[in-house]
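Coordinates as given in query-v9.pdb (PDB, C-alpha atoms and all ligand atoms):
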ATOM      1  CA  MET A 351     -18.664  72.022 132.587
ATOM      2  CA  MET A 352     -17.459  75.412 131.429
ATOM      3  CA  THR A 353     -17.871  76.741 127.918
ATOM      4  CA  TYR A 354     -15.416  79.243 126.484
ATOM      5  CA  HIS A 355     -15.783  80.996 123.157
ATOM      6  CA  GLY A 356     -12.766  82.050 121.169
ATOM      7  CA  SER A 357     -11.872  83.691 117.885
ATOM      8  CA  CYS A 358      -9.028  85.023 115.816
ATOM      9  CA  HIS A 359      -8.634  88.795 115.411
ATOM     10  CA  CYS A 360     -10.702  89.245 112.251
ATOM     11  CA  GLY A 361     -13.417  86.899 113.469
ATOM     12  CA  ALA A 362     -13.273  84.508 110.532
ATOM     13  CA  VAL A 363     -12.248  81.644 112.802
ATOM     14  CA  THR A 364     -14.370  80.952 115.866
ATOM     15  CA  PHE A 365     -14.221  78.032 118.236
ATOM     16  CA  ARG A 366     -15.588  76.719 121.487
ATOM     17  CA  ILE A 367     -13.901  74.960 124.382
ATOM     18  CA  GLU A 368     -16.049  72.787 126.633
ATOM     19  CA  GLY A 369     -14.271  71.822 129.819
ATOM     20  CA  GLU A 370     -12.550  73.645 132.619
ATOM     21  CA  ILE A 371      -9.289  75.491 132.063
ATOM     22  CA  THR A 372      -7.400  75.566 135.345
ATOM     23  CA  GLY A 373      -3.959  76.754 134.341
ATOM     24  CA  SER A 374      -1.796  78.088 131.580
ATOM     25  CA  TYR A 375       1.681  77.523 130.257
ATOM     26  CA  THR A 376       4.262  79.213 128.164
ATOM     27  CA  CYS A 377       6.896  77.496 126.057
ATOM     28  CA  ASP A 378      10.464  78.469 125.302
ATOM     29  CA  CYS A 379      10.712  76.908 121.850
ATOM     30  CA  SER A 380      11.631  79.210 119.002
ATOM     31  CA  LEU A 381       8.082  79.332 117.639
ATOM     32  CA  CYS A 382       6.197  79.943 120.890
ATOM     33  CA  ARG A 383       8.673  82.654 121.855
ATOM     34  CA  LYS A 384       7.963  84.550 118.677
ATOM     35  CA  LYS A 385       4.218  84.054 119.107
ATOM     36  CA  ASN A 386       4.482  85.151 122.754
ATOM     37  CA  ALA A 387       2.013  82.339 123.296
ATOM     38  CA  LEU A 388       0.162  81.775 126.540
ATOM     39  CA  MET A 389      -1.650  78.481 126.255
ATOM     40  CA  ALA A 390      -3.712  75.798 127.925
ATOM     41  CA  ARG A 391      -3.702  72.131 127.037
ATOM     42  CA  VAL A 392      -7.088  70.640 126.316
ATOM     43  CA  PRO A 393      -8.221  67.206 125.103
ATOM     44  CA  GLN A 394      -9.134  67.322 121.431
ATOM     45  CA  ASP A 395     -12.795  66.600 122.112
ATOM     46  CA  TRP A 396     -13.083  69.812 124.150
ATOM     47  CA  LEU A 397     -12.446  71.873 121.022
ATOM     48  CA  THR A 398     -15.061  72.578 118.361
ATOM     49  CA  ILE A 399     -14.336  74.876 115.436
ATOM     50  CA  THR A 400     -17.605  76.764 115.014
ATOM     51  CA  SER A 401     -16.708  78.766 111.907
ATOM     52  CA  GLY A 402     -13.899  79.435 109.508
ATOM     53  CA  GLU A 403     -12.182  76.064 109.475
ATOM     54  CA  ASP A 404     -11.413  76.724 105.806
ATOM     55  CA  ARG A 405      -9.742  80.001 106.804
ATOM     56  CA  LEU A 406      -7.094  78.213 108.860
ATOM     57  CA  SER A 407      -3.629  77.694 107.489
ATOM     58  CA  LEU A 408      -1.258  75.113 108.832
ATOM     59  CA  TYR A 409       2.364  75.710 109.730
ATOM     60  CA  GLN A 410       4.642  72.775 110.427
ATOM     61  CA  TRP A 411       8.337  72.745 111.156
ATOM     62  CA  ASN A 412      11.048  70.650 112.762
ATOM     63  CA  THR A 413       9.653  67.108 113.080
ATOM     64  CA  GLY A 414       6.364  68.166 111.437
ATOM     65  CA  VAL A 415       4.283  66.415 114.074
ATOM     66  CA  ALA A 416       2.684  69.406 115.766
ATOM     67  CA  GLN A 417       0.097  71.264 113.709
ATOM     68  CA  HIS A 418       0.260  75.008 114.232
ATOM     69  CA  TYR A 419      -2.843  76.725 112.907
ATOM     70  CA  PHE A 420      -3.274  80.382 112.112
ATOM     71  CA  CYS A 421      -5.941  82.479 110.424
ATOM     72  CA  ARG A 422      -4.879  83.061 106.835
ATOM     73  CA  HIS A 423      -6.444  86.509 106.896
ATOM     74  CA  CYS A 424      -5.368  88.089 110.200
ATOM     75  CA  GLY A 425      -2.497  85.759 111.053
ATOM     76  CA  ILE A 426      -3.609  85.015 114.589
ATOM     77  CA  TYR A 427      -2.758  81.671 116.165
ATOM     78  CA  PRO A 428      -5.865  80.244 117.891
ATOM     79  CA  PHE A 429      -4.682  76.710 118.718
ATOM     80  CA  HIS A 430      -2.317  73.940 117.699
ATOM     81  CA  ARG A 431      -2.368  70.176 117.838
ATOM     82  CA  ASN A 432       0.322  69.098 120.267
ATOM     83  CA  ARG A 433       3.413  67.252 119.286
ATOM     84  CA  SER A 434       3.888  65.410 122.579
ATOM     85  CA  ASP A 435       0.286  64.230 122.649
ATOM     86  CA  PRO A 436      -1.558  64.655 119.345
ATOM     87  CA  THR A 437      -4.875  63.936 121.060
ATOM     88  CA  GLU A 438      -4.534  67.312 122.748
ATOM     89  CA  TYR A 439      -4.608  70.890 121.580
ATOM     90  CA  GLY A 440      -2.758  73.869 122.932
ATOM     91  CA  VAL A 441      -5.154  76.806 122.942
ATOM     92  CA  ASN A 442      -4.138  80.464 122.768
ATOM     93  CA  LEU A 443      -5.782  81.803 125.918
ATOM     94  CA  HIS A 444      -5.705  85.355 124.617
ATOM     95  CA  CYS A 445      -8.175  84.290 121.895
ATOM     96  CA  LEU A 446     -10.871  83.421 124.444
ATOM     97  CA  ASP A 447     -13.603  86.012 124.956
ATOM     98  CA  GLY A 448     -13.648  87.613 128.381
ATOM     99  CA  PHE A 449     -11.089  85.209 129.758
ATOM    100  CA  ASP A 450      -8.529  86.439 132.281
ATOM    101  CA  PRO A 451      -5.421  84.258 132.073
ATOM    102  CA  ALA A 452      -3.793  86.260 134.863
ATOM    103  CA  ALA A 453      -6.244  84.656 137.287
ATOM    104  CA  LEU A 454      -4.705  81.234 136.636
ATOM    105  CA  PRO A 455      -1.329  79.790 137.576
ATOM    106  CA  THR A 456       1.178  79.746 134.745
ATOM    107  CA  ARG A 457       3.841  77.123 134.261
ATOM    108  CA  LEU A 458       6.916  77.566 132.170
ATOM    109  CA  GLY A 459       7.164  74.823 129.589
ATOM    110  CA  THR A 460      10.510  73.838 128.175
ATOM    111  CA  GLY A 461       9.805  73.045 124.564
ATOM    112  CA  LYS A 462      13.249  74.203 123.504
ATOM    113  CA  GLY A 463      14.682  70.871 124.567
ATOM    114  CA  MET A 464      12.257  69.154 122.202
ATOM    115  CA  SER A 465      13.223  71.285 119.277
ATOM    116  CA  LEU A 466      15.914  69.043 117.913
ATOM    117  CA  VAL A 467      14.879  66.236 115.644
ATOM    118  CA  THR A 468      17.791  64.247 117.014
ATOM    119  CA  GLY A 469      18.018  63.889 120.742
ATOM    120  CA  ALA A 470      14.563  65.149 121.558
ATOM    121  CA  ARG A 471      13.132  64.072 124.847
ATOM    122  CA  ASP A 472      10.489  61.367 124.859
ATOM    123  CA  VAL A 473       8.569  62.962 127.663
ATOM    124  CA  TRP A 474       7.242  66.479 127.649
ATOM    125  CA  PRO A 475       7.788  67.878 131.111
ATOM    126  CA  ASP A 476       5.005  70.407 131.130
ATOM    127  CA  PRO A 477       1.692  70.734 132.860
ATOM    128  CA  ARG A 478       0.098  67.375 133.217
ATOM    129  CA  ASP A 479      -1.301  67.592 136.689
TER     130      ASP A 479
HETATM  131 ZN    ZN B 501      -8.649  85.971 111.414
END
Let me see the structure of the file written as structure tokens.
Amino acid sequence: MMTYHGSCHCGAVTFRIEGEITGSYTCDCSLCRKKNALMARVPQDWLTITSGEDRLSLYQWNTGVAQHYFCRHCGIYPFHRNRSDPTEYGVNLHCLDGFDPAALPTRLGTGKGMSLVTGARDVWPDPRD
């Protein structure tokens, strides 16, 4: 079991991931593009918020299912609760201390196709394996 420690930029929000991160993904939806997000999917029980939970703000859009958190002070996105599987989080790998995402394979997610309330795909075709 690996343990990773993460934080937002100002340090108000800190969190821990317990489990092994073996890959990353990007997403082409309008939000992830603007965040330039590089993420990993983790089961919700891998994530523990160790400080600053009250500093997190929640942004929701489109269907309002996914929960996109950001630090209300520095604005950094540390993680979000997934829309396709709400028992999982997407974690911002650049928030993890001493973590080198370039060492891991990256898959290109295609969230753009999910971004319509009508006609969204049922299945999210991104890293599952
Ligand atoms: Zn912050």
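Counting all atoms listed in the file and comparing A:Lys462, A:Arg366, A:Arg457, A:Arg391, the residue that lies closest to Cys445 (chain A) is A:Arg366.
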**Residue neighbourhood Gly414 (chain A), 12 Å, all atoms listed in the file, exclusion window fewer than 2 positions, as a list of chain:residue names** =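 The neighbour list is A:Leu408, A:Tyr409, A:Gln410, A:Trp411, A:Asn412, A:Ala416, A:Gln417, A:His418, A:Arg431, A:Asn432, A:Arg433, A:Ser434, A:Pro436, A:Ser465, A:Leu466, A:Val467.
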**Asked** Do you know which residues are within 7 Å of ligand ZN 501 (chain B) using all atoms listed in the file? Can you write them as a ChimeraX atom specification?
**Response** /A:358-363,421-426
**Prompt:** When you draw a straight line from CA of Asp450 (chain A) to CA of Ser407 (chain A), how long is it in Å?
**Reply:**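 So the answer is 26.7 Å.
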**Message:** Env of region 377-379 of chain A: 6 Å cut, atoms = all atoms listed in the file, seq-sep filter 6 positions within chain, self excluded. Answer as a VMD selection string.
**Reply:** chain A and resid 459 to 462
**Prompt:** At a cut-off of 12 Å from (-6.0, 81.8, 121.6) in the coordinates of the file, what residues are picked up using only C-alpha atoms, written as a ChimeraX atom specification?
**Reply:** /A:354-359,363-367,374,385-391,397,418-421,425-430,439-451
**Message:** When you count all atoms listed in the file, which of these residues is closest to Glu438 (chain A): A:Leu458, A:Ile399, A:Ala453, A:Val392?
**Reply:**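 Once distances to Glu438 (chain A) are computed over all atoms listed in the file, the minimum belongs to A:Val392.
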**Complete:** Judged by all atoms listed in the file, the minimum distance to Glu368 (chain A) among A:Thr413, A:Ser380, A:Ser401, A:Thr353 is found for A:Thr353
**Request:** Using CA of Trp396 (chain A) and CA of Met351 (chain A) as the two end points, give the distance in Å to one decimal.
**Result:**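 Rounded to one decimal, the two atoms are 10.4 Å apart.
For the atom pair formed by CA of Leu406 (chain A) and CA of Ile371 (chain A), the distance is 23.5 Å, given to one decimal.
If only C-alpha atoms are the atoms counted, then among A:Arg405, A:Met352, A:Gly369, A:Val415 the closest residue to Thr437 (chain A) is A:Val415.
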If you keep C-alpha atoms, can you output region 355-476 of chain A as a compact mmCIF listing (two decimals), in the first residue's frame?
# COMPACT_ATOMS: atom_id res chain seq x y z
CA HIS A 355 0.14 13.32 0.60
CA GLY A 356 -1.44 16.19 -1.25
CA SER A 357 -2.43 19.80 -0.74
CA CYS A 358 -3.78 22.87 -2.44
CA HIS A 359 -1.43 25.79 -3.14
CA CYS A 360 -1.98 27.74 0.07
CA GLY A 361 -1.88 24.62 2.21
CA ALA A 362 -5.29 25.08 3.81
CA VAL A 363 -6.54 21.85 2.27
CA THR A 364 -4.48 18.71 2.78
CA PHE A 365 -5.36 15.14 1.97
CA ARG A 366 -3.96 11.65 1.83
CA ILE A 367 -4.35 8.90 -0.74
CA GLU A 368 -3.80 5.32 0.40
CA GLY A 369 -3.49 2.92 -2.50
CA GLU A 370 -1.35 2.66 -5.58
CA ILE A 371 -1.67 5.13 -8.43
CA THR A 372 -0.60 3.40 -11.62
CA GLY A 373 -1.72 5.79 -14.33
CA SER A 374 -3.16 9.16 -15.11
CA TYR A 375 -5.74 10.60 -17.44
CA THR A 376 -6.74 13.86 -18.96
CA CYS A 377 -10.23 14.85 -20.02
CA ASP A 378 -11.43 16.95 -22.92
CA CYS A 379 -14.55 18.35 -21.29
CA SER A 380 -14.83 22.12 -21.09
CA LEU A 381 -14.01 22.22 -17.38
CA CYS A 382 -11.00 19.89 -17.35
CA ARG A 383 -9.54 21.69 -20.35
CA LYS A 384 -9.61 24.98 -18.52
CA LYS A 385 -8.18 23.38 -15.39
CA ASN A 386 -5.49 21.66 -17.48
CA ALA A 387 -6.21 18.75 -15.17
CA LEU A 388 -4.07 15.64 -15.00
CA MET A 389 -5.86 13.15 -12.81
CA ALA A 390 -6.03 9.65 -11.40
CA ARG A 391 -9.18 7.80 -10.46
CA VAL A 392 -9.25 6.42 -6.96
CA PRO A 393 -11.94 4.66 -4.90
CA GLN A 394 -13.49 7.04 -2.40
CA ASP A 395 -12.12 5.13 0.57
CA TRP A 396 -8.55 5.81 -0.60
CA LEU A 397 -9.04 9.53 0.01
CA THR A 398 -8.90 11.16 3.44
CA ILE A 399 -9.14 14.92 3.84
CA THR A 400 -6.64 15.64 6.61
CA SER A 401 -7.27 19.37 6.99
CA GLY A 402 -9.27 22.21 5.57
CA GLU A 403 -12.45 20.41 4.58
CA ASP A 404 -14.30 23.60 5.53
CA ARG A 405 -12.07 25.54 3.13
CA LEU A 406 -13.34 23.61 0.12
CA SER A 407 -15.91 25.11 -2.18
CA LEU A 408 -18.03 23.05 -4.50
CA TYR A 409 -18.61 23.78 -8.17
CA GLN A 410 -21.30 21.91 -10.05
CA TRP A 411 -22.46 22.34 -13.61
CA ASN A 412 -24.22 20.53 -16.42
CA THR A 413 -26.04 17.56 -14.84
CA GLY A 414 -24.80 18.56 -11.36
CA VAL A 415 -23.76 15.01 -10.52
CA ALA A 416 -20.00 15.44 -10.36
CA GLN A 417 -18.71 17.44 -7.41
CA HIS A 418 -15.77 19.64 -8.34
CA TYR A 419 -13.96 20.91 -5.26
CA PHE A 420 -11.57 23.81 -5.05
CA CYS A 421 -9.86 25.69 -2.24
CA ARG A 422 -11.85 28.85 -1.57
CA HIS A 423 -8.67 30.72 -0.73
CA CYS A 424 -6.16 29.77 -3.45
CA GLY A 425 -8.57 28.36 -6.01
CA ILE A 426 -6.71 25.12 -6.59
CA TYR A 427 -8.62 22.00 -7.58
CA PRO A 428 -7.42 19.04 -5.47
CA PHE A 429 -10.02 16.39 -6.38
CA HIS A 430 -13.57 15.85 -7.56
CA ARG A 431 -16.20 13.21 -7.03
CA ASN A 432 -16.77 11.50 -10.36
CA ARG A 433 -19.93 11.74 -12.33
CA SER A 434 -19.66 8.34 -14.01
CA ASP A 435 -18.98 6.56 -10.74
CA PRO A 436 -19.72 8.66 -7.64
CA THR A 437 -17.92 6.13 -5.45
CA GLU A 438 -14.69 7.32 -7.03
CA TYR A 439 -12.70 10.51 -6.94
CA GLY A 440 -10.57 12.06 -9.62
CA VAL A 441 -7.44 13.41 -7.96
CA ASN A 442 -5.30 16.25 -9.29
CA LEU A 443 -1.92 14.55 -9.53
CA HIS A 444 -0.09 17.86 -9.50
CA CYS A 445 -1.33 18.39 -5.92
CA LEU A 446 0.56 15.33 -4.64
CA ASP A 447 3.86 16.01 -2.87
CA GLY A 448 6.92 14.71 -4.67
CA PHE A 449 4.87 12.80 -7.20
CA ASP A 450 6.08 12.55 -10.79
CA PRO A 451 3.09 12.03 -13.08
CA ALA A 452 5.40 11.87 -16.10
CA ALA A 453 6.58 8.47 -14.86
CA LEU A 454 3.10 7.02 -15.40
CA PRO A 455 1.17 6.27 -18.57
CA THR A 456 -1.46 8.86 -19.43
CA ARG A 457 -4.73 8.12 -21.14
CA LEU A 458 -6.84 10.66 -22.91
CA GLY A 459 -10.35 10.67 -21.52
CA THR A 460 -13.23 11.86 -23.63
CA GLY A 461 -15.49 13.64 -21.21
CA LYS A 462 -16.66 16.05 -23.88
CA GLY A 463 -19.09 13.44 -25.15
CA MET A 464 -20.63 13.29 -21.68
CA SER A 465 -21.09 17.01 -21.46
CA LEU A 466 -24.58 17.14 -22.84
CA VAL A 467 -27.43 16.56 -20.47
CA THR A 468 -29.33 15.02 -23.36
CA GLY A 469 -27.64 12.26 -25.25
CA ALA A 470 -24.84 11.65 -22.80
CA ARG A 471 -23.23 8.27 -22.94
CA ASP A 472 -24.08 5.76 -20.25
CA VAL A 473 -20.59 4.39 -20.12
CA TRP A 474 -17.49 6.42 -19.47
CA PRO A 475 -14.81 5.10 -21.77
CA ASP A 476 -11.81 6.07 -19.72
